[in-house]
file input-v2.cif (mmCIF, C-alpha atoms)
data_target
loop_
_atom_site.label_atom_id
_atom_site.label_comp_id
_atom_site.auth_asym_id
_atom_site.auth_seq_id
_atom_site.Cartn_x
_atom_site.Cartn_y
_atom_site.Cartn_z
CA MET A 265 -13.05 -37.30 14.65
CA PRO A 266 -16.60 -36.20 15.33
CA PHE A 267 -18.29 -35.09 12.13
CA ASP A 268 -19.74 -31.57 12.29
CA PHE A 269 -22.18 -31.16 9.42
CA GLN A 270 -22.49 -27.43 10.16
CA ALA A 271 -18.79 -26.81 9.51
CA TYR A 272 -19.39 -26.48 5.75
CA GLY A 273 -21.78 -23.52 5.83
CA PRO A 274 -25.55 -23.17 6.08
CA ASP A 275 -26.38 -24.38 2.56
CA VAL A 276 -24.43 -27.64 2.90
CA ALA A 277 -25.71 -28.12 6.47
CA ALA A 278 -29.31 -27.73 5.27
CA ILE A 279 -28.75 -30.32 2.53
CA LEU A 280 -27.08 -32.81 4.90
CA ALA A 281 -29.91 -32.26 7.40
CA LEU A 282 -32.30 -33.79 4.85
CA ASP A 283 -30.96 -37.22 5.80
CA GLY A 284 -28.86 -37.84 8.87
CA GLU A 285 -26.58 -34.79 8.97
CA GLY A 286 -23.64 -36.75 7.57
CA GLN A 287 -24.30 -39.77 9.82
CA ARG A 288 -26.30 -41.81 7.29
CA LEU A 289 -25.14 -45.38 6.72
CA MET A 290 -24.98 -45.54 2.94
CA PRO A 291 -25.71 -48.84 1.24
CA LEU A 292 -22.87 -51.05 0.07
CA THR A 293 -24.58 -51.39 -3.31
CA GLY A 294 -25.59 -48.44 -5.45
CA ASP A 295 -29.27 -47.69 -5.44
CA GLN A 296 -31.57 -44.98 -6.59
CA CYS A 297 -31.17 -41.49 -5.21
CA ALA A 298 -32.39 -41.38 -1.60
CA SER A 299 -33.52 -37.73 -1.77
CA ALA A 300 -34.83 -36.01 -4.88
CA GLU A 301 -34.89 -32.80 -2.85
CA ALA A 302 -31.18 -33.04 -2.04
CA ARG A 303 -30.38 -33.86 -5.67
CA ASP A 304 -32.34 -30.84 -6.90
CA LEU A 305 -30.63 -28.54 -4.37
CA LEU A 306 -27.19 -29.83 -5.36
CA LYS A 307 -27.89 -29.35 -9.07
CA ALA A 308 -29.26 -25.83 -8.51
CA ALA A 309 -26.39 -24.65 -6.30
CA GLY A 310 -23.34 -26.26 -7.88
CA ALA A 311 -19.89 -26.80 -6.44
CA ARG A 312 -18.54 -23.23 -6.44
CA LYS A 313 -21.54 -21.83 -4.57
CA LEU A 314 -21.63 -24.63 -2.00
CA PHE A 315 -17.87 -24.78 -1.45
CA PRO A 316 -16.41 -21.34 -2.27
CA GLN A 317 -13.33 -21.71 -0.02
CA SER A 318 -12.77 -25.45 -0.23
CA ARG A 319 -9.74 -27.44 -1.30
CA ALA A 320 -11.69 -29.42 -3.93
CA PRO A 321 -15.21 -28.07 -4.59
CA GLU A 322 -16.15 -30.45 -7.44
CA ALA A 323 -14.88 -33.44 -5.46
CA ALA A 324 -16.91 -32.31 -2.43
CA LEU A 325 -19.98 -32.10 -4.66
CA ALA A 326 -19.38 -35.66 -5.89
CA GLY A 327 -19.24 -36.69 -2.23
CA LEU A 328 -22.59 -35.08 -1.47
CA TYR A 329 -24.22 -36.83 -4.40
CA LEU A 330 -22.76 -40.11 -3.17
CA TYR A 331 -23.98 -39.47 0.39
CA PHE A 332 -27.55 -39.34 -0.93
CA SER A 333 -26.96 -42.43 -3.14
CA CYS A 334 -27.33 -40.34 -6.30
CA TRP A 335 -24.94 -42.76 -7.93
CA THR A 336 -25.20 -41.50 -11.53
CA ASP A 337 -24.70 -37.87 -10.51
CA ALA A 338 -21.77 -38.77 -8.24
CA HIS A 339 -20.18 -40.74 -11.07
CA GLU A 340 -20.64 -37.95 -13.61
CA VAL A 341 -19.02 -35.38 -11.33
CA ALA A 342 -16.23 -37.61 -9.97
CA GLN A 343 -15.06 -38.86 -13.36
CA ASP A 344 -14.39 -35.27 -14.42
CA VAL A 345 -12.28 -34.38 -11.37
CA ALA A 346 -8.65 -35.04 -12.32
CA SER A 347 -7.19 -35.35 -8.83
CA PRO A 348 -6.67 -38.04 -6.21
CA GLU A 349 -9.92 -36.89 -4.56
CA GLY A 350 -11.90 -37.23 -7.80
CA SER A 351 -10.39 -40.68 -8.28
CA TYR A 352 -11.26 -41.60 -4.70
CA TRP A 353 -14.95 -40.68 -5.12
CA HIS A 354 -14.91 -42.47 -8.48
CA ALA A 355 -13.50 -45.57 -6.76
CA ILE A 356 -16.21 -45.52 -4.08
CA VAL A 357 -18.92 -45.14 -6.73
CA HIS A 358 -17.64 -48.26 -8.50
CA ARG A 359 -17.26 -50.14 -5.20
CA GLN A 360 -20.97 -49.50 -4.62
CA GLU A 361 -21.94 -50.32 -8.22
CA PRO A 362 -20.52 -53.03 -7.52
CA ASP A 363 -17.68 -53.21 -10.01
CA ASP A 364 -14.78 -54.32 -7.85
CA TRP A 365 -12.19 -54.36 -10.65
CA ASN A 366 -13.05 -50.80 -11.71
CA SER A 367 -13.04 -49.63 -8.09
CA ALA A 368 -9.58 -51.12 -7.56
CA TYR A 369 -8.38 -49.38 -10.74
CA TRP A 370 -9.50 -45.98 -9.44
CA PHE A 371 -8.02 -46.62 -6.01
CA ARG A 372 -4.68 -47.30 -7.72
CA GLN A 373 -5.00 -43.81 -9.25
CA VAL A 374 -5.52 -42.36 -5.76
CA GLY A 375 -2.29 -43.75 -4.30
CA ALA A 376 -1.72 -43.29 -0.57
CA HIS A 377 -4.31 -40.70 0.43
CA PRO A 378 -3.83 -38.46 3.50
CA ILE A 379 -7.08 -39.78 5.09
CA PHE A 380 -5.83 -43.38 5.14
CA PRO A 381 -4.20 -43.30 8.62
CA ALA A 382 -7.34 -41.88 10.27
CA LEU A 383 -9.52 -44.30 8.30
CA MET A 384 -7.41 -47.25 9.44
CA ARG A 385 -7.72 -46.18 13.10
CA ALA A 386 -11.48 -45.71 12.75
CA ALA A 387 -11.88 -49.10 11.05
CA ALA A 388 -9.96 -50.78 13.87
CA ALA A 389 -12.21 -49.07 16.45
CA ILE A 390 -15.24 -50.44 14.55
CA GLY A 391 -13.75 -53.94 14.53
CA ILE A 392 -12.22 -54.10 11.05
CA GLU A 393 -8.53 -54.87 11.46
CA THR A 394 -6.03 -54.10 8.73
CA ASP A 395 -2.35 -54.75 8.28
CA SER A 396 0.10 -51.90 8.79
CA ASP A 397 -1.54 -49.55 6.25
CA TRP A 398 -5.06 -48.96 4.95
CA ASP A 399 -5.60 -51.19 1.92
CA PRO A 400 -8.52 -50.08 -0.28
CA LYS A 401 -8.42 -53.34 -2.26
CA SER A 402 -8.90 -55.38 0.92
CA PHE A 403 -11.82 -53.15 1.87
CA ILE A 404 -13.36 -53.64 -1.59
CA GLU A 405 -13.16 -57.40 -1.02
CA LEU A 406 -14.60 -57.06 2.48
CA CYS A 407 -17.54 -55.01 1.15
CA ALA A 408 -18.17 -57.69 -1.50
CA ARG A 409 -18.30 -60.34 1.22
CA ALA A 410 -20.54 -58.15 3.41
CA ARG A 411 -22.99 -57.60 0.52
CA SER A 412 -23.53 -61.36 0.45
CA LEU A 413 -24.42 -61.32 4.17
CA PRO A 414 -27.25 -58.77 4.50
CA GLY A 415 -28.14 -57.97 8.10
CA SER A 416 -24.86 -59.40 9.41
CA ASP A 417 -22.40 -57.77 11.79
CA LEU A 418 -19.95 -57.62 8.90
CA GLU A 419 -22.40 -55.67 6.77
CA ARG A 420 -23.02 -53.19 9.60
CA GLN A 421 -19.29 -52.80 10.27
CA THR A 422 -18.40 -52.21 6.62
CA ARG A 423 -21.19 -49.65 6.30
CA GLU A 424 -19.89 -47.90 9.43
CA VAL A 425 -16.36 -47.83 7.99
CA GLN A 426 -17.78 -46.56 4.70
CA ARG A 427 -19.52 -43.73 6.62
CA VAL A 428 -16.26 -42.72 8.32
CA GLU A 429 -14.48 -42.93 4.96
CA TRP A 430 -17.12 -40.61 3.48
CA GLN A 431 -16.85 -38.18 6.41
CA LEU A 432 -13.04 -38.05 6.25
CA LEU A 433 -12.89 -37.63 2.49
CA PHE A 434 -15.73 -35.12 2.42
CA ASP A 435 -14.05 -33.09 5.15
CA TYR A 436 -10.75 -33.24 3.28
CA CYS A 437 -12.38 -32.01 0.04
CA ALA A 438 -14.76 -29.45 1.55
CA GLY A 439 -12.17 -28.02 3.94
CA GLY A 440 -10.19 -24.91 3.10
#
call {"tool": "encode", "arguments": {"input": "input-v2.cif", "output": "structure tokens"}}
result
Amino acid sequence: MPFDFQAYGPDVAAILALDGEGQRLMPLTGDQCASAEARDLLKAAGARKLFPQSRAPEAALAGLYLYFSCWTDAHEVAQDVASPEGSYWHAIVHRQEPDDWNSAYWFRQVGAHPIFPALMRAAAAIGIETDSDWDPKSFIELCARARSLPGSDLERQTREVQRVEWQLLFDYCAGG
């Protein structure tokens, strides 16, 4: 699935254009916010203005904060979204913290998410093979291993899978 950053309206497109148009390889470990400008725009606009017709506006907002590595903001929004999508963003936040146990807990709350089949196909195309279904716990463990190998092919591959995961989940939340 090619990611079209303009599909979410001009305000969201302008924010995503601040860093990679949705193509940014986010770090595997939480860091400080990569764009104060994006953070300020997200805070000023809010979820309902940015995503008036979306399936899960607050969850989509958590995803945008996470895209810009605004870890604390993403966590604050995601933990208040009582849905599989809120739990999914919450799980990713903790995977990047890294707090693998907490991430696995939140992925258990997600259950089998509709993006998993597409994520599994994308991961296989990147070179990350899985069993018959996408297993978030295995990916948590793979990210932990990749963090210990900075600059490695494994680190690059896991960051690429993480980007596709972000794109799929963001599209799912921001879509109508």
call {"tool": "closest_residue", "arguments": {"input": "input-v2.cif", "among": "A:Glu349, A:Glu419, A:Glu424, A:Asp275", "to": "Ala320 in chain A", "atoms": "all atoms listed in the file"}}
result
A:Glu349
call {"tool": "residues_near_point", "arguments": {"input": "input-v2.cif", "point": "(-12.4, -24.4, 1.7)", "cutoff": "6 Å", "atoms": "all atoms listed in the file", "output": "list of chain:residue names"}}
result
A:Gln317, A:Ser318, A:Arg319, A:Ala438, A:Gly439, A:Gly440
call {"tool": "residues_around", "arguments": {"input": "input-v2.cif", "residues": "Cys297 in chain A", "least_positions_apart": "6", "cutoff": "10 Å", "atoms": "all atoms listed in the file", "output": "PyMOL selection string"}}
result
chain A and resi 303+329-337
call {"tool": "resolve_selection", "arguments": {"input": "input-v2.cif", "expression": "the PyMOL selection byres ((chain A and resi 350) around 12)", "output": "number ranges by chain"}}
result
A: 319-327, 338-349, 351-357, 370-371, 373-374, 377, 433-434, 436-437
call {"tool": "residues_near_point", "arguments": {"input": "input-v2.cif", "point": "(-28.0, -30.9, 7.3)", "cutoff": "12 Å", "atoms": "only C-alpha atoms", "output": "PyMOL selection string"}}
result
chain A and resi 267-288+302+328+331-332
call {"tool": "closest_residue", "arguments": {"input": "input-v2.cif", "among": "A:Met290, A:Leu413, A:Leu432, A:Leu306", "to": "Pro378 in chain A", "atoms": "all atoms listed in the file"}}
result
A:Leu432
call {"tool": "atom_distance", "arguments": {"input": "input-v2.cif", "atom1": "CA of Asp364 in chain A", "atom2": "CA of Ser402 in chain A"}}
result
10.6 Å
call {"tool": "atom_distance", "arguments": {"input": "input-v2.cif", "atom1": "CA of Gly294 in chain A", "atom2": "CA of Glu361 in chain A"}}
result
5.0 Å
call {"tool": "atom_distance", "arguments": {"input": "input-v2.cif", "atom1": "CA of Gly415 in chain A", "atom2": "CA of Ala300 in chain A"}}
result
26.4 Å
call {"tool": "resolve_selection", "arguments": {"input": "input-v2.cif", "expression": "the PyMOL selection byres ((chain A and resi 425) around 9)", "output": "list in words"}}
result
Leu383, Ala386, Ala387, Ile390, Ile392, Arg420, Gln421, Thr422, Arg423, Glu424, Gln426, Arg427, Val428, Glu429 and Trp430 of chain A
call {"tool": "axis_aligned_box", "arguments": {"input": "input-v2.cif", "around": "range 354-368 of chain A", "padding_each_side": "3 Å", "output": "lines of an AutoDock Vina configuration file"}}
result
center_x = -15.8
center_y = -48.4
center_z = -7.9
size_x = 18.4
size_y = 17.9
size_z = 13.6
call {"tool": "closest_residue", "arguments": {"input": "input-v2.cif", "among": "A:Arg385, A:Asp417, A:Ala376, A:Pro291", "to": "Asp399 in chain A", "atoms": "only C-alpha atoms"}}
result
A:Ala376
call {"tool": "residues_around", "arguments": {"input": "input-v2.cif", "residues": "Arg411 in chain A", "least_positions_apart": "6", "cutoff": "9 Å", "atoms": "all atoms listed in the file", "output": "ChimeraX atom specification"}}
result
/A:292-293,418-419
call {"tool": "write_last_selection", "arguments": {"input": "input-v2.cif", "atoms": "C-alpha atoms", "output": "tab-separated table (two decimals), in the frame of the given file"}}
result
chain	number	residue	atom	x	y	z
A	292	LEU	CA	-22.87	-51.05	0.07
A	293	THR	CA	-24.58	-51.39	-3.31
A	418	LEU	CA	-19.95	-57.62	8.90
A	419	GLU	CA	-22.40	-55.67	6.77
call {"tool": "build_atoms", "arguments": {"input": "input-v2.cif", "residues": "range 387-398 of chain A", "atoms": "all heavy atoms", "output": "PDB file, keeping the file's coordinate frame"}}
result
ATOM      1  N   ALA A 387     -11.465 -47.733  11.405  1.00  0.00           N
ATOM      2  CA  ALA A 387     -11.880 -49.100  11.050  1.00  0.00           C
ATOM      3  C   ALA A 387     -11.530 -50.061  12.180  1.00  0.00           C
ATOM      4  O   ALA A 387     -12.342 -50.930  12.541  1.00  0.00           O
ATOM      5  CB  ALA A 387     -11.223 -49.527   9.741  1.00  0.00           C
ATOM      6  N   ALA A 388     -10.361 -49.907  12.761  1.00  0.00           N
ATOM      7  CA  ALA A 388      -9.960 -50.780  13.870  1.00  0.00           C
ATOM      8  C   ALA A 388     -10.894 -50.584  15.066  1.00  0.00           C
ATOM      9  O   ALA A 388     -11.282 -51.562  15.720  1.00  0.00           O
ATOM     10  CB  ALA A 388      -8.513 -50.498  14.266  1.00  0.00           C
ATOM     11  N   ALA A 389     -11.287 -49.346  15.341  1.00  0.00           N
ATOM     12  CA  ALA A 389     -12.210 -49.070  16.450  1.00  0.00           C
ATOM     13  C   ALA A 389     -13.578 -49.700  16.195  1.00  0.00           C
ATOM     14  O   ALA A 389     -14.272 -50.094  17.137  1.00  0.00           O
ATOM     15  CB  ALA A 389     -12.340 -47.568  16.672  1.00  0.00           C
ATOM     16  N   ILE A 390     -13.965 -49.820  14.927  1.00  0.00           N
ATOM     17  CA  ILE A 390     -15.240 -50.440  14.550  1.00  0.00           C
ATOM     18  C   ILE A 390     -15.155 -51.960  14.570  1.00  0.00           C
ATOM     19  O   ILE A 390     -16.154 -52.649  14.701  1.00  0.00           O
ATOM     20  CB  ILE A 390     -15.704 -49.904  13.172  1.00  0.00           C
ATOM     21  CG1 ILE A 390     -16.075 -48.423  13.299  1.00  0.00           C
ATOM     22  CG2 ILE A 390     -16.854 -50.708  12.601  1.00  0.00           C
ATOM     23  CD1 ILE A 390     -16.252 -47.697  11.970  1.00  0.00           C
ATOM     24  N   GLY A 391     -13.929 -52.480  14.500  1.00  0.00           N
ATOM     25  CA  GLY A 391     -13.750 -53.940  14.530  1.00  0.00           C
ATOM     26  C   GLY A 391     -13.202 -54.509  13.243  1.00  0.00           C
ATOM     27  O   GLY A 391     -13.121 -55.724  13.082  1.00  0.00           O
ATOM     28  N   ILE A 392     -12.809 -53.660  12.313  1.00  0.00           N
ATOM     29  CA  ILE A 392     -12.220 -54.100  11.050  1.00  0.00           C
ATOM     30  C   ILE A 392     -10.712 -53.882  11.162  1.00  0.00           C
ATOM     31  O   ILE A 392     -10.233 -52.752  11.113  1.00  0.00           O
ATOM     32  CB  ILE A 392     -12.778 -53.317   9.838  1.00  0.00           C
ATOM     33  CG1 ILE A 392     -14.289 -53.412   9.762  1.00  0.00           C
ATOM     34  CG2 ILE A 392     -12.108 -53.761   8.551  1.00  0.00           C
ATOM     35  CD1 ILE A 392     -14.838 -54.769   9.433  1.00  0.00           C
ATOM     36  N   GLU A 393      -9.983 -54.957  11.323  1.00  0.00           N
ATOM     37  CA  GLU A 393      -8.530 -54.870  11.460  1.00  0.00           C
ATOM     38  C   GLU A 393      -7.881 -54.888  10.085  1.00  0.00           C
ATOM     39  O   GLU A 393      -8.334 -55.566   9.172  1.00  0.00           O
ATOM     40  CB  GLU A 393      -8.001 -56.029  12.304  1.00  0.00           C
ATOM     41  CG  GLU A 393      -8.453 -55.983  13.754  1.00  0.00           C
ATOM     42  CD  GLU A 393      -7.941 -54.778  14.518  1.00  0.00           C
ATOM     43  OE1 GLU A 393      -6.824 -54.296  14.242  1.00  0.00           O
ATOM     44  OE2 GLU A 393      -8.678 -54.302  15.404  1.00  0.00           O
ATOM     45  N   THR A 394      -6.809 -54.121   9.963  1.00  0.00           N
ATOM     46  CA  THR A 394      -6.030 -54.100   8.730  1.00  0.00           C
ATOM     47  C   THR A 394      -4.579 -54.396   9.081  1.00  0.00           C
ATOM     48  O   THR A 394      -4.214 -54.443  10.256  1.00  0.00           O
ATOM     49  CB  THR A 394      -6.139 -52.734   8.035  1.00  0.00           C
ATOM     50  OG1 THR A 394      -5.616 -51.741   8.907  1.00  0.00           O
ATOM     51  CG2 THR A 394      -7.574 -52.408   7.675  1.00  0.00           C
ATOM     52  N   ASP A 395      -3.776 -54.545   8.047  1.00  0.00           N
ATOM     53  CA  ASP A 395      -2.350 -54.750   8.280  1.00  0.00           C
ATOM     54  C   ASP A 395      -1.739 -53.446   8.779  1.00  0.00           C
ATOM     55  O   ASP A 395      -2.354 -52.737   9.549  1.00  0.00           O
ATOM     56  CB  ASP A 395      -1.669 -55.238   6.996  1.00  0.00           C
ATOM     57  CG  ASP A 395      -2.145 -56.644   6.617  1.00  0.00           C
ATOM     58  OD1 ASP A 395      -2.460 -57.423   7.530  1.00  0.00           O
ATOM     59  OD2 ASP A 395      -2.204 -56.937   5.410  1.00  0.00           O
ATOM     60  N   SER A 396      -0.580 -53.096   8.298  1.00  0.00           N
ATOM     61  CA  SER A 396       0.100 -51.900   8.790  1.00  0.00           C
ATOM     62  C   SER A 396      -0.391 -50.618   8.126  1.00  0.00           C
ATOM     63  O   SER A 396      -0.200 -49.542   8.655  1.00  0.00           O
ATOM     64  CB  SER A 396       1.605 -52.048   8.600  1.00  0.00           C
ATOM     65  OG  SER A 396       1.889 -52.244   7.224  1.00  0.00           O
ATOM     66  N   ASP A 397      -1.023 -50.720   6.970  1.00  0.00           N
ATOM     67  CA  ASP A 397      -1.540 -49.550   6.250  1.00  0.00           C
ATOM     68  C   ASP A 397      -2.952 -49.845   5.770  1.00  0.00           C
ATOM     69  O   ASP A 397      -3.339 -51.000   5.601  1.00  0.00           O
ATOM     70  CB  ASP A 397      -0.673 -49.229   5.026  1.00  0.00           C
ATOM     71  CG  ASP A 397       0.720 -48.775   5.403  1.00  0.00           C
ATOM     72  OD1 ASP A 397       0.845 -47.938   6.325  1.00  0.00           O
ATOM     73  OD2 ASP A 397       1.692 -49.247   4.781  1.00  0.00           O
ATOM     74  N   TRP A 398      -3.723 -48.783   5.507  1.00  0.00           N
ATOM     75  CA  TRP A 398      -5.060 -48.960   4.950  1.00  0.00           C
ATOM     76  C   TRP A 398      -4.910 -49.503   3.532  1.00  0.00           C
ATOM     77  O   TRP A 398      -4.136 -48.991   2.737  1.00  0.00           O
ATOM     78  CB  TRP A 398      -5.811 -47.640   4.940  1.00  0.00           C
ATOM     79  CG  TRP A 398      -7.184 -47.794   4.371  1.00  0.00           C
ATOM     80  CD1 TRP A 398      -7.623 -47.376   3.144  1.00  0.00           C
ATOM     81  CD2 TRP A 398      -8.283 -48.467   4.977  1.00  0.00           C
ATOM     82  NE1 TRP A 398      -8.941 -47.730   2.960  1.00  0.00           N
ATOM     83  CE2 TRP A 398      -9.369 -48.405   4.072  1.00  0.00           C
ATOM     84  CE3 TRP A 398      -8.471 -49.107   6.193  1.00  0.00           C
ATOM     85  CZ2 TRP A 398     -10.616 -48.948   4.346  1.00  0.00           C
ATOM     86  CZ3 TRP A 398      -9.714 -49.653   6.469  1.00  0.00           C
ATOM     87  CH2 TRP A 398     -10.766 -49.579   5.557  1.00  0.00           C
TER      88      TRP A 398
END
